>>> print(open('my_file32.cif').read())   # mmCIF, C-alpha atoms
data_model
#
loop_
_atom_site.label_atom_id
_atom_site.label_comp_id
_atom_site.auth_asym_id
_atom_site.auth_seq_id
_atom_site.Cartn_x
_atom_site.Cartn_y
_atom_site.Cartn_z
CA MET A 209 112.32 155.28 80.03
CA PHE A 210 114.66 152.42 80.79
CA ARG A 211 116.91 154.83 82.66
CA LYS A 212 113.97 155.98 84.78
CA LEU A 213 112.97 152.38 85.47
CA ALA A 214 116.50 151.49 86.56
CA LEU A 215 116.63 154.54 88.79
CA GLY A 216 113.30 153.60 90.31
CA LEU A 217 114.47 150.07 91.03
CA ALA A 218 117.59 151.42 92.68
CA VAL A 219 115.49 153.67 94.91
CA VAL A 220 113.19 150.79 95.86
CA THR A 221 116.17 148.52 96.58
CA ALA A 222 117.76 151.14 98.77
CA GLY A 223 114.48 151.76 100.55
CA LEU A 224 114.19 148.08 101.41
CA GLY A 225 117.70 148.06 102.87
CA LEU A 226 118.99 145.72 100.14
CA THR A 227 122.16 145.91 98.10
CA ALA A 228 122.47 144.95 94.48
CA VAL A 229 124.36 141.66 93.94
CA PRO A 230 126.77 141.71 91.00
CA ALA A 231 126.62 138.89 88.50
CA HIS A 232 129.10 136.08 89.09
CA ALA A 233 132.30 136.30 87.11
CA ALA A 234 132.65 133.83 84.29
CA PRO A 235 134.60 130.70 85.34
CA ALA A 236 138.32 131.03 84.78
CA TYR A 237 138.49 127.61 83.11
CA THR A 238 136.76 124.22 82.89
CA VAL A 239 137.77 120.87 84.35
CA LEU A 240 136.59 117.49 83.07
CA VAL A 241 135.94 114.64 85.53
CA PHE A 242 136.30 111.24 83.87
CA SER A 243 135.03 108.21 85.79
CA LYS A 244 134.72 105.31 83.36
CA THR A 245 135.41 101.90 84.92
CA ALA A 246 136.22 98.60 83.24
CA GLY A 247 136.98 96.80 86.51
CA PHE A 248 135.98 97.41 90.13
CA ARG A 249 133.61 100.34 90.50
CA HIS A 250 133.86 102.52 93.61
CA ASP A 251 130.60 103.66 95.15
CA SER A 252 132.35 106.92 96.07
CA ILE A 253 132.54 108.06 92.43
CA PRO A 254 129.30 110.13 92.47
CA THR A 255 130.34 111.69 95.78
CA GLY A 256 133.74 112.51 94.33
CA ILE A 257 132.26 114.11 91.24
CA GLN A 258 129.98 116.25 93.38
CA ALA A 259 132.93 117.29 95.55
CA VAL A 260 134.78 118.53 92.46
CA ARG A 261 131.65 120.41 91.36
CA ASP A 262 131.45 122.03 94.80
CA LEU A 263 135.12 122.99 94.68
CA GLY A 264 134.64 124.49 91.24
CA ALA A 265 131.62 126.52 92.33
CA ALA A 266 133.53 127.90 95.30
CA ASN A 267 136.76 128.55 93.39
CA ASN A 268 135.68 129.93 90.02
CA PHE A 269 136.17 126.99 87.69
CA ALA A 270 133.51 125.07 85.79
CA VAL A 271 133.18 121.30 85.97
CA GLU A 272 131.87 118.76 83.48
CA ALA A 273 131.66 115.02 84.13
CA THR A 274 131.61 112.10 81.72
CA GLU A 275 132.12 108.37 81.34
CA ASP A 276 132.07 108.67 77.56
CA ALA A 277 135.55 107.83 76.27
CA THR A 278 134.75 109.33 72.85
CA GLN A 279 135.13 112.74 74.50
CA PHE A 280 138.86 112.05 74.39
CA ASN A 281 139.43 113.76 71.07
CA ALA A 282 141.50 116.81 70.22
CA ALA A 283 138.66 119.30 69.79
CA ASN A 284 136.86 118.37 72.98
CA LEU A 285 139.90 118.01 75.22
CA ALA A 286 141.08 121.47 74.17
CA ARG A 287 138.15 122.92 76.15
CA PHE A 288 139.60 121.76 79.49
CA LYS A 289 142.54 122.91 81.59
CA ALA A 290 142.69 119.62 83.47
CA VAL A 291 141.11 116.16 83.44
CA VAL A 292 140.38 114.43 86.76
CA TRP A 293 140.45 110.64 86.54
CA MET A 294 138.08 109.79 89.37
CA SER A 295 138.75 106.20 90.50
CA THR A 296 138.84 104.87 86.95
CA THR A 297 139.73 101.18 86.61
CA GLY A 298 140.89 98.89 83.82
CA ASP A 299 141.29 99.74 80.14
CA VAL A 300 139.08 102.76 79.56
CA LEU A 301 140.47 104.34 76.35
CA ASP A 302 141.20 102.85 72.94
CA ALA A 303 144.39 103.59 71.01
CA THR A 304 142.97 106.65 69.23
CA GLN A 305 141.66 108.12 72.47
CA GLN A 306 144.97 107.44 74.19
CA ALA A 307 146.83 109.31 71.45
CA ALA A 308 144.47 112.26 71.84
CA PHE A 309 145.09 112.42 75.58
CA GLU A 310 148.86 112.18 75.12
CA ASN A 311 148.72 115.12 72.73
CA TYR A 312 146.54 117.03 75.19
CA ILE A 313 149.13 116.65 77.96
CA ARG A 314 151.99 117.51 75.58
CA ALA A 315 150.15 120.72 74.73
CA GLY A 316 150.24 121.74 78.42
CA GLY A 317 147.15 119.98 79.77
CA GLY A 318 146.74 118.81 83.35
CA TYR A 319 146.01 115.40 84.86
CA VAL A 320 144.62 114.63 88.33
CA GLY A 321 144.47 110.98 89.35
CA VAL A 322 142.36 109.99 92.34
CA HIS A 323 142.74 106.65 94.15
CA ALA A 324 141.99 103.89 91.59
CA ALA A 325 143.35 106.00 88.75
CA ALA A 326 146.49 103.98 89.60
CA ASP A 327 144.46 100.80 88.91
CA THR A 328 143.95 101.83 85.30
CA GLU A 329 145.54 101.22 81.87
CA TYR A 330 148.28 98.78 82.87
CA ASP A 331 149.26 98.19 79.24
CA TRP A 332 149.69 101.88 78.39
CA ALA A 333 153.24 102.67 79.47
CA TRP A 334 152.88 106.41 78.87
CA TYR A 335 149.95 106.51 81.29
CA GLY A 336 152.01 104.60 83.85
CA GLY A 337 154.55 107.41 83.74
CA LEU A 338 151.79 110.00 83.98
CA VAL A 339 150.11 108.51 87.07
CA GLY A 340 153.51 107.77 88.64
CA ALA A 341 152.99 104.22 89.93
CA TYR A 342 150.54 101.38 89.41
CA PHE A 343 148.40 99.82 92.14
CA LEU A 344 149.61 96.52 93.64
CA SER A 345 147.40 95.65 96.63
CA HIS A 346 145.57 97.03 99.64
CA PRO A 347 144.59 95.87 103.13
CA ALA A 348 141.17 96.42 104.71
CA ILE A 349 139.91 99.97 105.21
CA GLN A 350 141.40 101.30 108.45
CA THR A 351 142.79 104.37 110.15
CA ALA A 352 146.40 105.28 109.39
CA THR A 353 148.72 108.24 109.77
CA VAL A 354 149.55 110.24 106.65
CA ARG A 355 152.72 112.29 107.02
CA VAL A 356 153.04 115.53 105.07
CA ALA A 357 156.34 115.58 103.17
CA ASP A 358 155.97 119.06 101.67
CA PRO A 359 153.85 121.47 103.75
CA SER A 360 154.50 124.35 101.35
CA HIS A 361 152.56 122.98 98.38
CA PRO A 362 149.00 124.36 98.03
CA ALA A 363 147.62 120.80 98.17
CA THR A 364 149.16 120.10 101.57
CA ALA A 365 149.41 123.58 103.10
CA GLY A 366 147.47 123.67 106.36
CA LEU A 367 147.36 119.90 106.83
CA PRO A 368 148.70 118.51 110.11
CA ALA A 369 152.21 117.08 109.87
CA ALA A 370 150.78 113.78 111.13
CA TRP A 371 147.32 113.43 109.59
CA SER A 372 145.22 110.58 110.98
CA ARG A 373 142.39 109.50 108.70
CA THR A 374 140.47 106.43 107.53
CA ASP A 375 140.74 105.16 103.95
CA GLU A 376 141.81 102.24 101.80
CA TRP A 377 145.61 102.39 101.66
CA TYR A 378 147.26 101.34 98.41
CA ASN A 379 150.58 99.59 98.03
CA TYR A 380 152.18 100.34 94.66
CA ARG A 381 154.19 98.16 92.27
CA THR A 382 157.07 100.61 92.39
CA ASN A 383 158.14 103.51 94.59
CA PRO A 384 157.74 106.63 92.43
CA ARG A 385 160.24 108.70 94.42
CA GLY A 386 162.98 109.94 92.13
CA SER A 387 160.48 110.57 89.33
CA VAL A 388 157.89 112.61 91.24
CA HIS A 389 157.65 115.29 93.90
CA VAL A 390 156.31 113.47 96.98
CA LEU A 391 153.69 115.42 98.95
CA THR A 392 152.51 112.84 101.51
CA THR A 393 153.66 109.44 102.73
CA LEU A 394 152.05 106.66 104.74
CA ASP A 395 153.42 105.65 108.11
CA GLU A 396 153.18 101.86 107.88
CA SER A 397 153.75 101.52 111.62
CA THR A 398 150.30 103.01 112.22
CA TYR A 399 148.24 100.42 110.32
CA SER A 400 148.34 96.81 109.13
CA GLY A 401 149.03 95.68 105.58
CA GLY A 402 151.56 98.17 104.25
CA SER A 403 154.25 96.55 102.09
CA MET A 404 156.48 99.42 100.94
CA GLY A 405 158.43 100.00 104.14
CA ALA A 406 159.62 103.23 105.69
CA ASP A 407 159.23 105.24 102.47
CA HIS A 408 155.65 104.85 101.24
CA PRO A 409 154.55 107.81 99.07
CA ASN A 410 150.82 108.15 98.49
CA THR A 411 150.37 111.67 97.09
CA TRP A 412 152.71 113.24 94.54
CA CYS A 413 152.95 115.61 91.58
CA ARG A 414 155.30 116.30 88.70
CA ALA A 415 155.75 117.98 85.34
CA TYR A 416 155.22 115.31 82.67
CA ASP A 417 155.73 115.35 78.90
CA GLY A 418 154.81 119.03 78.53
CA GLY A 419 151.93 118.99 81.02
CA ARG A 420 151.34 118.54 84.75
CA SER A 421 150.34 115.49 86.80
CA PHE A 422 148.97 115.15 90.34
CA TYR A 423 147.97 111.89 92.02
CA THR A 424 146.64 110.90 95.43
CA GLY A 425 145.97 107.36 96.61
CA MET A 426 143.34 108.62 99.02
CA GLY A 427 139.64 108.89 98.18
CA HIS A 428 138.25 105.35 98.36
CA THR A 429 135.51 106.12 100.86
CA GLN A 430 132.49 108.34 100.37
CA ALA A 431 133.32 110.02 103.68
CA SER A 432 136.66 111.21 102.28
CA TYR A 433 134.92 113.80 100.13
CA SER A 434 133.29 115.53 103.08
CA GLU A 435 136.62 115.92 104.93
CA ALA A 436 137.93 119.47 104.78
CA GLY A 437 141.54 118.28 104.65
CA PHE A 438 140.97 115.90 101.77
CA ARG A 439 138.90 118.45 99.84
CA ASN A 440 141.72 120.98 100.22
CA LEU A 441 144.21 118.36 99.02
CA LEU A 442 142.04 117.69 95.98
CA LEU A 443 141.59 121.39 95.28
CA GLY A 444 145.34 121.97 95.46
CA GLY A 445 145.90 119.11 93.04
CA ILE A 446 143.38 120.49 90.57
CA ARG A 447 144.90 123.95 90.79
CA TYR A 448 148.38 122.57 90.20
CA ALA A 449 147.24 120.54 87.19
CA ALA A 450 145.16 123.34 85.69
CA GLU A 451 147.18 126.41 86.65
CA GLY A 452 150.65 125.21 87.61
CA ASN A 453 150.02 126.49 91.13
CA GLY A 454 152.74 124.93 93.31
CA ASP A 455 156.32 123.69 93.06
CA CYS A 456 156.53 120.05 91.95
CA SER A 457 160.26 119.87 91.29
CA VAL A 458 161.48 116.31 91.70
CA VAL A 459 163.40 115.67 94.91
CA SER A 460 165.02 112.23 94.91
CA GLN A 461 165.90 111.85 98.57
CA PRO A 462 163.14 111.48 101.15
CA PRO A 463 163.11 114.20 103.79
CA GLN A 464 163.97 113.03 107.26
CA THR A 465 160.87 112.02 109.16
CA ASP A 466 160.62 112.21 112.94
CA LEU A 467 160.00 108.55 113.75
CA ALA A 468 158.93 109.43 117.31
CA LEU A 469 156.28 111.98 116.37
CA ASN A 470 153.08 111.29 118.33
CA HIS A 471 154.15 107.72 119.07
CA PRO A 472 153.53 106.19 122.51
CA ALA A 473 155.94 107.59 125.09
CA THR A 474 156.42 106.56 128.71
CA ALA A 475 158.70 107.79 131.48
CA SER A 476 160.08 106.72 134.84
CA SER A 477 158.18 109.57 136.51
CA VAL A 478 156.48 112.91 135.92
CA GLU A 479 156.74 116.08 137.96
CA ASN A 480 152.95 116.25 137.85
CA ALA A 481 150.09 115.46 135.46
CA SER A 482 150.73 118.60 133.42
CA TYR A 483 154.03 117.21 132.12
CA PRO A 484 153.41 113.72 130.66
CA ALA A 485 155.94 111.91 128.50
CA SER A 486 153.72 112.42 125.42
CA ASN A 487 154.49 116.14 125.54
CA ALA A 488 158.04 115.45 124.38
CA VAL A 489 156.95 113.77 121.11
CA ASP A 490 154.07 116.04 120.05
CA ALA A 491 156.16 118.42 117.85
CA SER A 492 155.21 121.36 120.05
CA THR A 493 157.94 123.68 121.29
CA THR A 494 155.83 124.80 124.24
CA THR A 495 154.79 121.51 125.87
CA ARG A 496 157.29 119.39 127.79
CA TRP A 497 157.91 116.28 129.85
CA SER A 498 159.34 116.86 133.31
CA SER A 499 160.47 114.18 135.74
CA ALA A 500 160.65 113.93 139.51
CA PHE A 501 163.61 115.68 141.16
CA SER A 502 165.91 112.66 141.52
CA ASP A 503 168.34 110.41 139.62
CA PRO A 504 168.17 108.27 137.57
CA GLN A 505 165.21 109.06 135.27
CA TRP A 506 164.27 107.93 131.79
CA ILE A 507 161.87 108.58 128.92
CA ARG A 508 161.28 106.15 126.08
CA VAL A 509 159.30 106.10 122.83
CA ASP A 510 157.81 103.13 120.99
CA LEU A 511 158.46 103.67 117.26
CA GLY A 512 155.85 101.05 116.38
CA ALA A 513 158.23 99.01 114.22
CA THR A 514 161.93 98.26 113.97
CA HIS A 515 163.97 101.12 112.53
CA THR A 516 167.63 101.86 111.99
CA VAL A 517 168.31 104.97 114.07
CA ASN A 518 171.03 107.45 113.12
CA ARG A 519 170.03 110.66 114.91
CA VAL A 520 168.32 111.71 118.14
CA ARG A 521 167.55 115.38 118.72
CA LEU A 522 166.73 116.69 122.20
CA VAL A 523 165.61 120.19 123.15
CA TRP A 524 165.87 120.71 126.91
CA GLU A 525 164.07 123.14 129.17
CA ALA A 526 166.04 124.93 131.92
CA ALA A 527 166.17 121.68 133.88
CA TYR A 528 168.36 119.34 131.83
CA GLY A 529 170.59 116.33 132.03
CA SER A 530 174.34 116.83 132.17
CA ALA A 531 174.90 113.09 131.78
CA TYR A 532 172.60 110.67 129.96
CA GLN A 533 172.64 107.71 127.61
CA ILE A 534 170.83 107.22 124.31
CA GLN A 535 169.67 103.62 124.23
CA ILE A 536 167.82 101.35 121.82
CA SER A 537 165.91 98.10 122.31
CA ASN A 538 163.93 95.55 120.34
CA ASP A 539 161.69 94.52 123.23
CA GLY A 540 161.68 97.49 125.60
CA THR A 541 163.51 95.43 128.22
CA THR A 542 167.08 94.82 127.07
CA TRP A 543 168.85 98.04 126.10
CA THR A 544 171.92 98.82 124.01
CA THR A 545 173.64 102.18 124.52
CA LEU A 546 174.21 104.08 121.27
CA ARG A 547 175.93 107.03 122.93
CA SER A 548 176.88 108.25 126.40
CA VAL A 549 176.76 112.01 126.86
CA THR A 550 178.63 113.71 129.69
CA GLY A 551 179.00 117.41 130.43
CA GLY A 552 175.80 118.37 128.62
CA ASN A 553 174.96 122.06 128.90
CA GLY A 554 171.29 122.11 128.01
CA GLY A 555 169.60 123.77 125.05
CA GLU A 556 169.62 121.63 121.91
CA ASP A 557 171.50 118.33 121.80
CA ASP A 558 171.51 117.09 118.20
CA ASN A 559 173.08 113.64 118.43
CA THR A 560 174.02 112.60 114.88
CA GLY A 561 176.09 109.70 113.56
CA LEU A 562 174.31 107.09 115.68
CA SER A 563 174.03 103.50 114.52
CA GLY A 564 171.56 101.04 115.93
CA SER A 565 168.40 99.12 115.12
CA GLY A 566 165.34 98.62 117.32
CA ARG A 567 161.75 99.51 118.06
CA TYR A 568 162.25 101.46 121.30
CA VAL A 569 164.52 104.44 121.94
CA ARG A 570 165.25 105.66 125.45
CA ILE A 571 166.98 108.61 127.07
CA TYR A 572 168.41 107.38 130.38
CA GLY A 573 169.50 110.27 132.58
CA THR A 574 172.06 109.61 135.30
CA THR A 575 173.08 113.13 136.38
CA ARG A 576 170.84 116.19 136.64
CA ALA A 577 172.41 119.56 135.93
CA THR A 578 170.03 121.39 138.30
CA PRO A 579 168.22 120.64 141.58
CA TRP A 580 165.10 119.98 139.52
CA GLY A 581 164.37 116.99 137.29
CA TYR A 582 164.83 116.28 133.61
CA SER A 583 162.69 118.45 131.36
CA LEU A 584 162.40 117.92 127.58
CA PHE A 585 160.47 120.05 125.11
CA THR A 586 161.45 117.81 122.20
CA PHE A 587 162.50 114.16 121.78
CA GLN A 588 162.93 113.37 118.08
CA VAL A 589 164.24 110.20 116.48
CA TYR A 590 165.43 109.91 112.88
CA GLY A 591 166.50 107.03 110.69
CA THR A 592 165.07 104.54 108.23
#
>>> encode(input="my_file32.cif", output="structure tokens")
Amino acid sequence: MFRKLALGLAVVTAGLGLTAVPAHAAPAYTVLVFSKTAGFRHDSIPTGIQAVRDLGAANNFAVEATEDATQFNAANLARFKAVVWMSTTGDVLDATQQAAFENYIRAGGGYVGVHAAADTEYDWAWYGGLVGAYFLSHPAIQTATVRVADPSHPATAGLPAAWSRTDEWYNYRTNPRGSVHVLTTLDESTYSGGSMGADHPNTWCRAYDGGRSFYTGMGHTQASYSEAGFRNLLLGGIRYAAEGNGDCSVVSQPPQTDLALNHPATASSVENASYPASNAVDASTTTRWSSAFSDPQWIRVDLGATHTVNRVRLVWEAAYGSAYQIQISNDGTTWTTLRSVTGGNGGEDDNTGLSGSGRYVRIYGTTRATPWGYSLFTFQVYGT
């Protein structure tokens, strides 16, 4: 009879033009979100918890949330593949609970720290190593440029190389580089109040004491959790902590960052409005700056702060400079020549071994190689 009933339902379903929907697969694992606070409490915590629930529903993992520190015991923690510390603050675990969490990580568990997780457990040295660096200070909420240091990690894949967003930007007591795998850094020249200098990590990951750790300093604002880029970053962090998805090998030296990328650029002239100076610093290999058809001509970029420059890379279009100078300035008025180039033959000019300090870098062309002007696809500046 049951077989007949099932057959009848199938016929009715087909007759209505409907298809049977299979039951959802059981979640692959469960993640715990822990949001206890003993200091400042962020109003974004509920929004953050819901964002993790949404990510779990869309990506086949279950999510539980708690502020009950007694859940940090061996039997309960064993149910979770990762624990997300969602803007926790202050001393949130006692000694017994701390020991249970240490053992959980040593058994292969995962940790995800979000924003104020770095403002937590200052007297627990093991946790300090797990999170990577403790909070020091922050300026007012403002827009800044986040630069992706490793675009191949699942947490940062698909993010723009220069990611402009609004948040509360932490300075840390120490620079974690050398102990962690840095995924994003802050460009302090794009906002006010940074205190770590040219190398300011703010998202990182690492293997730690048998388990895996991921931390991001972003996530102060409620709006963060509706941003597709930030949600993808958070998802990638959870997947790394829970599944080991992504390479978090420690790389001690910071990768070279293009100091000119998307910074203000001006030029002596443009061929027409389709070829502005900004095209040379936008990281695109198809857009270019082109000048008027005369000598001399120049293009300069404002790095936003004083840097020591050791390399300038130029990629020319068919119209190029056979003689030009690479110059640097503190005020954009008085220039010092770092190198004079003569007999250039176009293509790529990778000028390494430079030595100079300033805020502005200029290419000053004195001799065109063609009847046309100067035409640059790429104007990149490197240094510290």
>>> atom_distance(input="my_file32.cif", atom1="CA of Arg420 (chain A)", atom2="CA of Asn268 (chain A)")
20.1 Å
>>> axis_aligned_box(input="my_file32.cif", around="region 465-481 of chain A", padding_each_side="6 Å", output="AutoDock Vina command-line options")
--center_x 155.5 --center_y 111.2 --center_z 123.6 --size_x 22.8 --size_y 22.1 --size_z 40.8
>>> atom_distance(input="my_file32.cif", atom1="CA of Val291 (chain A)", atom2="CA of Val239 (chain A)")
5.8 Å
>>> resolve_selection(input="my_file32.cif", expression="the PyMOL selection byres ((chain A and resi 335-338) around 12)", output="number ranges by chain")
A: 293, 299-301, 306-307, 309-310, 313-314, 317-321, 325-334, 339-343, 380-382, 384, 387-388, 412-423, 449
>>> residues_around(input="my_file32.cif", residues="Ala513 (chain A)", least_positions_apart="4", cutoff="9 Å", atoms="only C-alpha atoms", output="compact mmCIF listing (two decimals) with C-alpha atoms, in the coordinates of the input")
# COMPACT_ATOMS: atom_id res chain seq x y z
CA GLU A 396 153.18 101.86 107.88
CA SER A 397 153.75 101.52 111.62
CA GLY A 566 165.34 98.62 117.32
CA ARG A 567 161.75 99.51 118.06
CA TYR A 568 162.25 101.46 121.30
>>> resolve_selection(input="my_file32.cif", expression="the PyMOL selection byres ((chain A and resi 541-552) around 9)", output="ChimeraX atom specification")
/A:528-540,553-555,557,559,562-564,568-570,575,577
